Every structure is written in structure tokens, then in C-alpha cells.
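Colleague: I am sharing entry27.cif, which consists of mmCIF, C-alpha atoms:
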data_work
loop_
_atom_site.group_PDB
_atom_site.id
_atom_site.type_symbol
_atom_site.label_atom_id
_atom_site.label_comp_id
_atom_site.auth_asym_id
_atom_site.auth_seq_id
_atom_site.Cartn_x
_atom_site.Cartn_y
_atom_site.Cartn_z
ATOM 1 C CA MET A 801 44.751 1.717 -11.017
ATOM 2 C CA ASN A 802 42.819 4.240 -13.035
ATOM 3 C CA PHE A 803 41.979 7.937 -12.545
ATOM 4 C CA LEU A 804 39.838 7.662 -9.408
ATOM 5 C CA ALA A 805 42.278 5.412 -7.571
ATOM 6 C CA HIS A 806 45.196 7.676 -8.457
ATOM 7 C CA ALA A 807 43.240 10.727 -7.299
ATOM 8 C CA LEU A 808 42.463 9.128 -3.952
ATOM 9 C CA LEU A 809 46.056 8.044 -3.439
ATOM 10 C CA ALA A 810 47.212 11.617 -4.164
ATOM 11 C CA ARG A 811 44.474 13.525 -2.334
ATOM 12 C CA LYS A 812 46.641 14.713 0.546
ATOM 13 C CA GLY A 813 49.157 16.309 -1.816
ATOM 14 C CA SER A 814 49.045 19.670 -3.544
ATOM 15 C CA ASP A 815 46.947 20.316 -6.636
ATOM 16 C CA ASP A 816 50.148 20.083 -8.705
ATOM 17 C CA PHE A 817 50.898 16.668 -7.201
ATOM 18 C CA LEU A 818 47.308 15.543 -7.890
ATOM 19 C CA TYR A 819 47.532 16.849 -11.448
ATOM 20 C CA GLY A 820 50.750 14.891 -12.052
ATOM 21 C CA ASN A 821 49.067 11.729 -10.832
ATOM 22 C CA LEU A 822 46.070 12.294 -13.103
ATOM 23 C CA ILE A 823 48.015 13.008 -16.304
ATOM 24 C CA ALA A 824 50.890 10.554 -15.889
ATOM 25 C CA ASP A 825 49.595 8.097 -18.493
ATOM 26 C CA GLY A 826 49.784 10.902 -21.044
ATOM 27 C CA VAL A 827 53.418 11.711 -20.244
ATOM 28 C CA LYS A 828 56.167 9.738 -21.948
ATOM 29 C CA GLY A 829 59.762 9.318 -20.879
ATOM 30 C CA SER A 830 61.723 9.752 -17.689
ATOM 31 C CA ASP A 831 62.856 13.342 -18.220
ATOM 32 C CA LEU A 832 60.305 15.356 -16.280
ATOM 33 C CA SER A 833 62.390 18.540 -16.106
ATOM 34 C CA GLY A 834 59.826 20.382 -18.245
ATOM 35 C CA TRP A 835 57.220 19.992 -15.513
ATOM 36 C CA PRO A 836 56.977 21.878 -12.216
ATOM 37 C CA ASP A 837 58.577 19.864 -9.392
ATOM 38 C CA GLU A 838 55.325 18.826 -7.700
ATOM 39 C CA VAL A 839 53.765 17.753 -11.013
ATOM 40 C CA GLY A 840 56.870 15.650 -11.682
ATOM 41 C CA HIS A 841 56.588 14.129 -8.194
ATOM 42 C CA GLY A 842 52.969 13.279 -8.987
ATOM 43 C CA ILE A 843 53.901 11.630 -12.280
ATOM 44 C CA ARG A 844 56.564 9.541 -10.529
ATOM 45 C CA HIS A 845 54.105 8.629 -7.756
ATOM 46 C CA HIS A 846 51.576 7.457 -10.355
ATOM 47 C CA ARG A 847 54.245 5.278 -11.954
ATOM 48 C CA ARG A 848 55.203 3.755 -8.580
ATOM 49 C CA VAL A 849 51.550 2.976 -7.902
ATOM 50 C CA ASP A 850 51.218 1.285 -11.294
ATOM 51 C CA ALA A 851 54.359 -0.787 -10.708
ATOM 52 C CA VAL A 852 53.196 -1.922 -7.256
ATOM 53 C CA VAL A 853 49.702 -2.754 -8.515
ATOM 54 C CA ASP A 854 50.938 -4.635 -11.581
ATOM 55 C CA ALA A 855 53.201 -6.806 -9.393
ATOM 56 C CA HIS A 856 50.663 -7.331 -6.599
ATOM 57 C CA PRO A 857 49.886 -11.058 -6.130
ATOM 58 C CA ASP A 858 46.122 -10.500 -6.367
ATOM 59 C CA VAL A 859 46.468 -8.617 -9.649
ATOM 60 C CA VAL A 860 48.821 -11.253 -11.021
ATOM 61 C CA ALA A 861 46.271 -13.925 -10.061
ATOM 62 C CA ALA A 862 43.390 -11.972 -11.613
ATOM 63 C CA ARG A 863 45.293 -11.510 -14.889
ATOM 64 C CA ALA A 864 46.049 -15.234 -14.916
ATOM 65 C CA ARG A 865 42.297 -15.950 -14.837
ATOM 66 C CA ALA A 866 41.678 -13.777 -17.915
ATOM 67 C CA PRO A 867 41.130 -15.534 -21.240
ATOM 68 C CA ARG A 868 44.552 -16.469 -22.598
ATOM 69 C CA ASP A 869 44.148 -14.711 -25.976
ATOM 70 C CA ASP A 870 43.260 -11.399 -24.321
ATOM 71 C CA ARG A 871 45.433 -11.619 -21.202
ATOM 72 C CA ARG A 872 47.860 -9.010 -22.523
ATOM 73 C CA PHE A 873 45.085 -6.398 -22.211
ATOM 74 C CA ALA A 874 43.673 -7.584 -18.889
ATOM 75 C CA GLY A 875 45.683 -5.092 -16.839
ATOM 76 C CA VAL A 876 43.990 -2.158 -18.569
ATOM 77 C CA ALA A 877 40.534 -3.629 -17.979
ATOM 78 C CA LEU A 878 41.370 -4.436 -14.359
ATOM 79 C CA ASP A 879 42.498 -0.861 -13.701
ATOM 80 C CA MET A 880 39.065 0.330 -14.759
ATOM 81 C CA VAL A 881 37.330 -2.349 -12.684
ATOM 82 C CA TRP A 882 39.311 -1.270 -9.617
ATOM 83 C CA ASP A 883 37.905 2.237 -10.167
ATOM 84 C CA HIS A 884 34.434 0.682 -10.331
ATOM 85 C CA PHE A 885 34.823 -0.836 -6.863
ATOM 86 C CA ILE A 886 36.186 2.435 -5.490
ATOM 87 C CA ALA A 887 33.390 4.536 -7.038
ATOM 88 C CA ARG A 888 30.726 2.073 -5.948
ATOM 89 C CA ASP A 889 31.814 2.279 -2.304
ATOM 90 C CA LEU A 890 32.949 5.912 -2.161
ATOM 91 C CA ASP A 891 31.391 7.735 0.789
ATOM 92 C CA ASP A 892 32.820 11.184 0.106
ATOM 93 C CA ASP A 893 33.167 12.192 -3.525
ATOM 94 C CA SER A 894 34.842 15.542 -2.869
ATOM 95 C CA ILE A 895 38.018 14.155 -4.457
ATOM 96 C CA ILE A 896 36.091 13.807 -7.711
ATOM 97 C CA GLU A 897 35.164 17.494 -7.711
ATOM 98 C CA ARG A 898 38.742 18.422 -6.857
ATOM 99 C CA ALA A 899 40.140 16.210 -9.632
ATOM 100 C CA TYR A 900 37.731 17.678 -12.172
ATOM 101 C CA HIS A 901 38.607 21.212 -11.043
ATOM 102 C CA VAL A 902 42.341 20.517 -11.355
ATOM 103 C CA LEU A 903 41.905 18.955 -14.802
ATOM 104 C CA GLN A 904 39.641 21.712 -16.120
ATOM 105 C CA ASN A 905 42.044 24.463 -15.136
ATOM 106 C CA ARG A 906 45.208 23.047 -16.703
ATOM 107 C CA GLN A 907 46.310 21.994 -20.142
ATOM 108 C CA ALA A 908 46.287 18.211 -20.538
ATOM 109 C CA PRO A 909 49.131 16.490 -22.397
ATOM 110 C CA ALA A 910 48.294 15.996 -26.074
ATOM 111 C CA ARG A 911 47.733 12.251 -25.622
ATOM 112 C CA LEU A 912 44.902 13.026 -23.159
ATOM 113 C CA GLY A 913 43.704 16.251 -24.767
ATOM 114 C CA SER A 914 40.386 14.969 -26.084
ATOM 115 C CA MET A 915 39.746 12.429 -23.334
ATOM 116 C CA ILE A 916 39.990 14.738 -20.298
ATOM 117 C CA PRO A 917 37.161 17.100 -21.351
ATOM 118 C CA ALA A 918 34.924 14.090 -22.099
ATOM 119 C CA MET A 919 35.766 12.503 -18.742
ATOM 120 C CA VAL A 920 34.798 15.675 -16.890
ATOM 121 C CA SER A 921 31.700 16.592 -18.908
ATOM 122 C CA GLN A 922 30.336 13.040 -18.829
ATOM 123 C CA ASP A 923 31.323 12.517 -15.160
ATOM 124 C CA TRP A 924 33.165 9.254 -15.725
ATOM 125 C CA LEU A 925 34.557 9.069 -12.197
ATOM 126 C CA ARG A 926 31.080 8.834 -10.683
ATOM 127 C CA GLY A 927 29.870 6.776 -13.637
ATOM 128 C CA TYR A 928 32.298 3.998 -12.769
ATOM 129 C CA ALA A 929 30.058 3.144 -9.806
ATOM 130 C CA ASP A 930 27.758 1.471 -12.349
ATOM 131 C CA PHE A 931 29.396 -1.746 -13.537
ATOM 132 C CA ASP A 932 27.619 -1.589 -16.919
ATOM 133 C CA PHE A 933 29.096 1.898 -17.429
ATOM 134 C CA THR A 934 32.529 0.531 -16.533
ATOM 135 C CA CYS A 935 32.182 -2.339 -19.010
ATOM 136 C CA ARG A 936 31.101 0.090 -21.746
ATOM 137 C CA ALA A 937 34.130 2.253 -20.904
ATOM 138 C CA VAL A 938 36.433 -0.774 -21.157
ATOM 139 C CA ALA A 939 34.996 -1.655 -24.565
ATOM 140 C CA GLY A 940 35.096 1.997 -25.644
ATOM 141 C CA LEU A 941 38.771 2.274 -24.812
ATOM 142 C CA GLY A 942 39.373 -0.855 -26.868
ATOM 143 C CA ARG A 943 37.829 0.843 -29.900
ATOM 144 C CA ARG A 944 40.552 3.503 -29.708
ATOM 145 C CA LEU A 945 43.277 0.881 -30.091
ATOM 146 C CA SER A 946 44.327 -0.548 -33.432
ATOM 147 C CA GLY A 947 43.284 -4.042 -34.416
ATOM 148 C CA PRO A 948 40.530 -6.191 -32.934
ATOM 149 C CA ASN A 949 38.901 -4.850 -29.787
ATOM 150 C CA ARG A 950 40.617 -7.086 -27.218
ATOM 151 C CA LEU A 951 39.270 -5.009 -24.344
ATOM 152 C CA ALA A 952 35.670 -5.578 -25.439
ATOM 153 C CA ALA A 953 36.490 -9.277 -25.653
ATOM 154 C CA LEU A 954 37.352 -9.179 -21.926
ATOM 155 C CA VAL A 955 33.955 -7.844 -20.818
ATOM 156 C CA PRO A 956 32.291 -11.292 -20.530
ATOM 157 C CA TRP A 957 35.202 -12.421 -18.347
ATOM 158 C CA LEU A 958 34.883 -9.306 -16.149
ATOM 159 C CA GLU A 959 31.169 -9.977 -15.732
ATOM 160 C CA GLY A 960 31.620 -13.675 -14.967
ATOM 161 C CA ASP A 961 34.579 -13.133 -12.628
ATOM 162 C CA TYR A 962 33.000 -10.189 -10.774
ATOM 163 C CA GLU A 963 32.928 -11.776 -7.309
ATOM 164 C CA LEU A 964 36.503 -13.014 -7.539
ATOM 165 C CA LEU A 965 37.633 -9.621 -8.837
ATOM 166 C CA GLU A 966 35.883 -7.936 -5.943
ATOM 167 C CA ASN A 967 37.700 -10.263 -3.522
ATOM 168 C CA ASP A 968 41.006 -9.462 -5.241
ATOM 169 C CA PHE A 969 40.283 -5.765 -4.914
ATOM 170 C CA GLN A 970 39.358 -6.056 -1.230
ATOM 171 C CA ARG A 971 42.891 -7.341 -0.583
ATOM 172 C CA LEU A 972 44.644 -5.078 -3.096
ATOM 173 C CA TRP A 973 43.224 -1.663 -2.199
ATOM 174 C CA PRO A 974 44.052 -1.582 1.529
ATOM 175 C CA ASP A 975 47.575 -2.761 0.746
ATOM 176 C CA VAL A 976 48.127 -0.110 -1.924
ATOM 177 C CA ARG A 977 46.648 2.638 0.264
ATOM 178 C CA ALA A 978 48.888 1.670 3.181
ATOM 179 C CA ARG A 979 52.002 1.614 1.003
ATOM 180 C CA LEU A 980 51.363 4.535 -1.356
ATOM 181 C CA GLY A 981 48.519 6.697 -0.047
ATOM 182 C CA ARG A 982 49.553 10.257 0.449
#
Written as C-alpha cells, that's how I'd like the structure from this file.

Modeller:
Amino acid sequence: MNFLAHALLARKGSDDFLYGNLIADGVKGSDLSGWPDEVGHGIRHHRRVDAVVDAHPDVVAARARAPRDDRRFAGVALDMVWDHFIARDLDDDSIIERAYHVLQNRQAPARLGSMIPAMVSQDWLRGYADFDFTCRAVAGLGRRLSGPNRLAALVPWLEGDYELLENDFQRLWPDVRARLGR
């Protein structure tokens, strides 16, 4: 899951809990003692969500359909595609405003320092509703990694597998929300 999914799964918690969920990918290690308790709980929640999603049978099946040479990066692309389906069908986007507010009023970890302001100013969370935007974001993230852009190489697969990915998501999301929504 990506930012929007994590925000929705954390929406019933405090702003600190939400913040922890949103920044968790920028936090390394298991020692979270330097963070306020609720932020640490949010970081741990984010990590549980990622573990459940990565092991979910529909995600495993989707990754298995990815081109073999780029399969190692498919999980990252899928996380962004799951946000696409959420954004596309989102009825109430108040969680987006709340997430942006929380992110704008706190210092992001260094690993996310330049990305968070861009995400807010360019309204990525609403932008994901457009599949072309999502595919450009997948390819853009791949440009930030060293070596060949394996994420951009996955875009044709994402486009061609769209209906199957949507079916995977329609089974995945209710399960994840029931198990980990807060």
C-alpha cells in the first residue's frame, strides 16, 4: 500500500498515529524510542500493513504475473496502483486534506524531505485517481533509483493487466481494511 491507503487505514487514529503511518517508509530500524509513542505506533502499524499486503494471495498472484526480469520491483508499482484504485473510487477525500495538513506541519524524515512537499503541492493523492498520472509516478520513482528504470519497464504490464489488477484489488482492499483498518 502507498500513502493514500495507509492514510485511510489510519484515519481513526490520532494525528500522531496518522503521521507515523505516512512517514514509515522514511524511517529505518526497529528502535523507535526517538519518536513520540503514537508516531511509533503508526510506524509499526504501517509495517504490519505492508507485511500483510505483501503476503496476501492476490498480491502474490499479481507479482507472479509481472514480467520476470522486473518482478523484483513489482511490489512498489503495485502499491502505487492500489492507491490509484482507492483514489479513483474515493467518495470523501477529507482524509487527503488531513494527511496533507499533518505532513505540512511536521518535519519529514530526511529520506522523505524533498518528496513530501512535492506530494502536497502537486496533490499526488488526488492525482492517483488518473491512471496515466499513476503510471508517470511509477516511472518517476524508478528514475530516482540507481541503474536501469525497472519501474518504468513495468508500466506496459500495469496497463495491459489493469482489469486483473483491479480484480485483485477488489479482493485485497476489503480484507486489509477488515484486518488492519483503525

Colleague: I'd like the interatomic distance between CA of Val920 (chain A) and CA of Phe933 (chain A), to a tenth of an Å.

Modeller: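 Distance reported for this atom pair: 14.9 Å.
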
Colleague: When you count all atoms listed in the file, which of these residues is closest to Tyr900 (chain A): A:Asp968, A:Met801, A:Gly840, A:Leu822?

Modeller: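 Under the stated criterion, the closest residue is A:Leu822.
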
Colleague: Do you know which residues are at most 12 Å from Leu958 (chain A) counting all atoms listed in the file, after dropping those on the same chain fewer than 5 positions away, and could you put them as a ChimeraX atom specification?

Modeller: /A:862-863,865-867,870-871,874-882,884,931-932,934-936,938-939,951-953,963-966

Colleague: Any chance you could work out the residue set of the PyMOL selection byres ((chain A and resi 841-844) around 8) here, as a PyMOL selection string?

Modeller: chain A and resi 810+816-824+827+837-840+845-848

Colleague: Let me make sure I understand: among A:His856, A:Asp850, A:Ser830, A:Phe803, which one has the smallest atom-to-atom distance to Leu972 (chain A) if we use only C-alpha atoms?

Modeller: A:His856

Colleague: Because some atoms of region 848-859 of chain A are absent here, can you restore all heavy atoms and send them as a PDB file, keeping the file's coordinate frame?

Modeller:
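result-v3.pdb, written as the output of this step:
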ATOM      1  N   ARG A 848      54.931   4.703  -9.678  1.00  0.00           N
ATOM      2  CA  ARG A 848      55.203   3.755  -8.580  1.00  0.00           C
ATOM      3  C   ARG A 848      53.946   2.968  -8.244  1.00  0.00           C
ATOM      4  O   ARG A 848      54.008   1.756  -8.032  1.00  0.00           O
ATOM      5  CB  ARG A 848      55.709   4.498  -7.332  1.00  0.00           C
ATOM      6  CG  ARG A 848      57.177   4.786  -7.339  1.00  0.00           C
ATOM      7  CD  ARG A 848      57.695   5.252  -5.986  1.00  0.00           C
ATOM      8  NE  ARG A 848      56.973   6.367  -5.394  1.00  0.00           N
ATOM      9  CZ  ARG A 848      57.167   7.648  -5.701  1.00  0.00           C
ATOM     10  NH1 ARG A 848      58.060   7.991  -6.594  1.00  0.00           N
ATOM     11  NH2 ARG A 848      56.464   8.587  -5.103  1.00  0.00           N
ATOM     12  N   VAL A 849      52.813   3.661  -8.181  1.00  0.00           N
ATOM     13  CA  VAL A 849      51.550   2.976  -7.902  1.00  0.00           C
ATOM     14  C   VAL A 849      51.305   1.904  -8.957  1.00  0.00           C
ATOM     15  O   VAL A 849      50.988   0.758  -8.625  1.00  0.00           O
ATOM     16  CB  VAL A 849      50.371   3.975  -7.844  1.00  0.00           C
ATOM     17  CG1 VAL A 849      49.033   3.244  -7.829  1.00  0.00           C
ATOM     18  CG2 VAL A 849      50.504   4.903  -6.629  1.00  0.00           C
ATOM     19  N   ASP A 850      51.448   2.263 -10.220  1.00  0.00           N
ATOM     20  CA  ASP A 850      51.218   1.285 -11.294  1.00  0.00           C
ATOM     21  C   ASP A 850      52.144   0.080 -11.165  1.00  0.00           C
ATOM     22  O   ASP A 850      51.712  -1.061 -11.352  1.00  0.00           O
ATOM     23  CB  ASP A 850      51.401   1.932 -12.666  1.00  0.00           C
ATOM     24  CG  ASP A 850      50.218   2.799 -13.071  1.00  0.00           C
ATOM     25  OD1 ASP A 850      49.195   2.830 -12.346  1.00  0.00           O
ATOM     26  OD2 ASP A 850      50.326   3.462 -14.126  1.00  0.00           O
ATOM     27  N   ALA A 851      53.404   0.319 -10.838  1.00  0.00           N
ATOM     28  CA  ALA A 851      54.359  -0.787 -10.708  1.00  0.00           C
ATOM     29  C   ALA A 851      53.981  -1.703  -9.547  1.00  0.00           C
ATOM     30  O   ALA A 851      54.025  -2.932  -9.680  1.00  0.00           O
ATOM     31  CB  ALA A 851      55.771  -0.239 -10.514  1.00  0.00           C
ATOM     32  N   VAL A 852      53.593  -1.120  -8.422  1.00  0.00           N
ATOM     33  CA  VAL A 852      53.196  -1.922  -7.256  1.00  0.00           C
ATOM     34  C   VAL A 852      51.931  -2.717  -7.574  1.00  0.00           C
ATOM     35  O   VAL A 852      51.840  -3.914  -7.277  1.00  0.00           O
ATOM     36  CB  VAL A 852      53.005  -1.024  -6.016  1.00  0.00           C
ATOM     37  CG1 VAL A 852      52.284  -1.757  -4.904  1.00  0.00           C
ATOM     38  CG2 VAL A 852      54.352  -0.506  -5.528  1.00  0.00           C
ATOM     39  N   VAL A 853      50.960  -2.072  -8.189  1.00  0.00           N
ATOM     40  CA  VAL A 853      49.702  -2.754  -8.515  1.00  0.00           C
ATOM     41  C   VAL A 853      49.951  -3.882  -9.509  1.00  0.00           C
ATOM     42  O   VAL A 853      49.462  -4.998  -9.323  1.00  0.00           O
ATOM     43  CB  VAL A 853      48.654  -1.753  -9.043  1.00  0.00           C
ATOM     44  CG1 VAL A 853      47.460  -2.473  -9.658  1.00  0.00           C
ATOM     45  CG2 VAL A 853      48.205  -0.825  -7.918  1.00  0.00           C
ATOM     46  N   ASP A 854      50.694  -3.616 -10.558  1.00  0.00           N
ATOM     47  CA  ASP A 854      50.938  -4.635 -11.581  1.00  0.00           C
ATOM     48  C   ASP A 854      51.644  -5.865 -11.019  1.00  0.00           C
ATOM     49  O   ASP A 854      51.439  -6.979 -11.504  1.00  0.00           O
ATOM     50  CB  ASP A 854      51.755  -4.061 -12.737  1.00  0.00           C
ATOM     51  CG  ASP A 854      50.955  -3.091 -13.589  1.00  0.00           C
ATOM     52  OD1 ASP A 854      49.712  -3.039 -13.452  1.00  0.00           O
ATOM     53  OD2 ASP A 854      51.583  -2.364 -14.384  1.00  0.00           O
ATOM     54  N   ALA A 855      52.467  -5.684  -9.988  1.00  0.00           N
ATOM     55  CA  ALA A 855      53.201  -6.806  -9.393  1.00  0.00           C
ATOM     56  C   ALA A 855      52.485  -7.421  -8.198  1.00  0.00           C
ATOM     57  O   ALA A 855      52.933  -8.445  -7.676  1.00  0.00           O
ATOM     58  CB  ALA A 855      54.589  -6.328  -8.953  1.00  0.00           C
ATOM     59  N   HIS A 856      51.380  -6.842  -7.783  1.00  0.00           N
ATOM     60  CA  HIS A 856      50.663  -7.331  -6.599  1.00  0.00           C
ATOM     61  C   HIS A 856      50.136  -8.752  -6.866  1.00  0.00           C
ATOM     62  O   HIS A 856      49.577  -9.029  -7.931  1.00  0.00           O
ATOM     63  CB  HIS A 856      49.504  -6.389  -6.263  1.00  0.00           C
ATOM     64  CG  HIS A 856      48.947  -6.606  -4.912  1.00  0.00           C
ATOM     65  ND1 HIS A 856      48.046  -7.595  -4.631  1.00  0.00           N
ATOM     66  CD2 HIS A 856      49.176  -5.955  -3.741  1.00  0.00           C
ATOM     67  CE1 HIS A 856      47.722  -7.544  -3.354  1.00  0.00           C
ATOM     68  NE2 HIS A 856      48.402  -6.550  -2.788  1.00  0.00           N
ATOM     69  N   PRO A 857      50.305  -9.661  -5.909  1.00  0.00           N
ATOM     70  CA  PRO A 857      49.886 -11.058  -6.130  1.00  0.00           C
ATOM     71  C   PRO A 857      48.419 -11.205  -6.531  1.00  0.00           C
ATOM     72  O   PRO A 857      48.093 -12.078  -7.353  1.00  0.00           O
ATOM     73  CB  PRO A 857      50.146 -11.734  -4.779  1.00  0.00           C
ATOM     74  CG  PRO A 857      51.121 -10.855  -4.085  1.00  0.00           C
ATOM     75  CD  PRO A 857      50.933  -9.467  -4.606  1.00  0.00           C
ATOM     76  N   ASP A 858      47.544 -10.381  -6.005  1.00  0.00           N
ATOM     77  CA  ASP A 858      46.122 -10.500  -6.367  1.00  0.00           C
ATOM     78  C   ASP A 858      45.859 -10.036  -7.793  1.00  0.00           C
ATOM     79  O   ASP A 858      44.981 -10.573  -8.466  1.00  0.00           O
ATOM     80  CB  ASP A 858      45.253  -9.738  -5.367  1.00  0.00           C
ATOM     81  CG  ASP A 858      45.240 -10.432  -4.016  1.00  0.00           C
ATOM     82  OD1 ASP A 858      44.783 -11.592  -3.954  1.00  0.00           O
ATOM     83  OD2 ASP A 858      45.710  -9.822  -3.027  1.00  0.00           O
ATOM     84  N   VAL A 859      46.611  -9.071  -8.261  1.00  0.00           N
ATOM     85  CA  VAL A 859      46.468  -8.617  -9.649  1.00  0.00           C
ATOM     86  C   VAL A 859      47.071  -9.650 -10.592  1.00  0.00           C
ATOM     87  O   VAL A 859      46.488  -9.967 -11.634  1.00  0.00           O
ATOM     88  CB  VAL A 859      47.113  -7.226  -9.841  1.00  0.00           C
ATOM     89  CG1 VAL A 859      47.076  -6.800 -11.299  1.00  0.00           C
ATOM     90  CG2 VAL A 859      46.399  -6.196  -8.966  1.00  0.00           C
TER      91      VAL A 859
END
